Amino acid sequence: MQFLLAFVIGGIICAIGQLFMDLTRTSVTPAHVLVGYVTVGAILSALGLYQPLVNIAGAGATIPLSGFGHSLAQGAIKAVQTRGLLGAFAGGVEATAAGIVAAVVFGYAAAVLFNPRS
Amino acid sequence: MTQSQGQGNVQQQKMQQDMQQEYKQLVKNVKPRPPVLKNTILAFLVGGAICFFGQLILWLLKKQGLGDKEAAAATAATMVFLGALLTGLGVYDVIGKYGGAGSIVPITGFANSIVAPAMEFKREGFVFGVGARLFTVAGPVLVYGFLVSAVIGLIYYLIR
């Protein structure tokens with residue numbers, strides 16, 4: 001059941017992005033989509049609307065980049081609870097540090113090891 | 001003399017504007033509209049499949065005894081690794097051709113956006129080629145992600 005929900009909810013989240021790309025100006029690039037997903041995901045998370053989605057869909061909600069925004073927002077909020085003002089600045093990056101560094105390390109290795117086709 | 005010339009210019013400008021508008025209309029009519037329904041279904045299937053695979057990894061890691069948080073972080077890192085690897089092998093381009101946003105929105109698409117430009121501009125060197133181009137798309141994503149996370153933290157600090 002959790003696999004089906006991950007598929008369906010994750011699929012819907014991606015389909016919304018496709019509709020956004022097809023039905024708006026042609027100048028909407030993948031970069032705009034990714035920035036939009038992180039921002040909207042963080043805002044939804046701060047309003048308490050994203051965690052329920054994660055509870056239902058698991059990876060279907062955390063694998064789309066809106067899940068990255070969710071981690072950033074929750075990290076900032078939790079750090080403010082424990083450390084006050086400094087947490088607002090540190091919390092988001094701390095919560096997502098592993099993912100960001102993994103992206104840089106694996107991204108760097110792949111870019112150096114492989115060459116583009118054609 | 002100068003006045004009539006001025007009028008002529010105005011008329012010419014107006015004609016040009018009319019022509020431009022006509023041209024825009026023509027382009028609008030001739031340009032193929034994206035097959036929205038087909039694209040959306042493909043994005044749903046490809047994006048759903050990637051998330052399904054993520055759920056499978058999450059499930060396997062939890063079965064190994066990892067906690068919820070650690071398992072989620074390790075799943076994200078694994079998906080980033082796979083996205084980077086498939087981009088290097090040229091496979092992710094093929095997935096992206098069909099999947100559209102279904103291949104962009106998942107974290108594997110984020111990995112793809114890091115590897116593809118860095119690989120492409122490798123000849124510009126390891127600092128301005130690989131080093132800078134890694135962040136062509138990831139840079140804006142992190143900038144806005146950090147900004148919004150700090151703003152949320154500050155607002156929460158003020159209202160709690």
# chains A, B, ... in the order shown; residues from 1 in each chain; ligands from 1

call {"tool": "select_by_dssp", "arguments": {"residues": "segment 16-154 of chain B", "states": "alpha helix (DSSP H)", "output": "number ranges by chain"}}
result
B: 16-30, 36-63, 68-88, 91-99, 101-104, 107-120, 132-133, 135-154

call {"tool": "residues_around", "arguments": {"residues": "Leu82 of chain B", "least_positions_apart": "4", "cutoff": "12 Å", "atoms": "only C-alpha atoms", "output": "number ranges by chain"}}
result
A: 102-103, 106-107, 110; B: 50, 53-54, 57, 75-78, 86-89, 91-92, 106-112, 115

call {"tool": "residues_around", "arguments": {"residues": "Leu58 of chain B", "least_positions_apart": "2", "cutoff": "9 Å", "atoms": "only C-alpha atoms", "output": "PyMOL selection string"}}
result
(chain A and resi 58-59) or (chain B and resi 53-56+60-63+68+71-72+74-76)

call {"tool": "closest_residue", "arguments": {"among": "B:Ile95, B:Phe128, B:Val46, B:Asn29", "to": "chain A", "atoms": "only C-alpha atoms"}}
result
B:Val46

call {"tool": "residues_around", "arguments": {"residues": "Met1 of chain A", "least_positions_apart": "5", "cutoff": "10 Å", "atoms": "only C-alpha atoms", "output": "CSV table (one decimal) with N, CA and C atoms, in the first residue's frame"}}
result
chain,number,residue,atom,x,y,z
A,6,ALA,N,3.2,6.0,-2.6
A,6,ALA,CA,4.4,6.8,-3.0
A,6,ALA,C,4.3,7.0,-4.5
A,7,PHE,N,3.9,6.0,-5.3
A,7,PHE,CA,3.8,6.1,-6.8
A,7,PHE,C,2.8,7.2,-7.1
A,57,ALA,N,2.4,9.5,2.1
A,57,ALA,CA,3.1,9.0,0.8
A,57,ALA,C,4.5,8.6,1.0

call {"tool": "residues_around", "arguments": {"residues": "segment 22-38 of chain A", "least_positions_apart": "4", "cutoff": "7 Å", "atoms": "only C-alpha atoms", "output": "list in words"}}
result
Gly17, Gln18, Ala42, Leu65, Ser66, Phe68 and Gly69 of chain A; Pro34, Val36, Ile104, Val105, Val137, Pro140, Val141, Tyr144 and Gly145 of chain B

call {"tool": "closest_residue", "arguments": {"among": "A:Ala90, A:Ala79, A:Leu47, A:Ile63", "to": "Gly83 of chain B", "atoms": "only C-alpha atoms"}}
result
A:Ile63

call {"tool": "atom_distance", "arguments": {"atom1": "atom CA of Gly67 of chain A", "atom2": "atom CA of Val94 of chain B"}}
result
24.7 Å

call {"tool": "atom_distance", "arguments": {"atom1": "atom CA of Val148 of chain B", "atom2": "atom CA of Thr39 of chain A"}}
result
6.5 Å
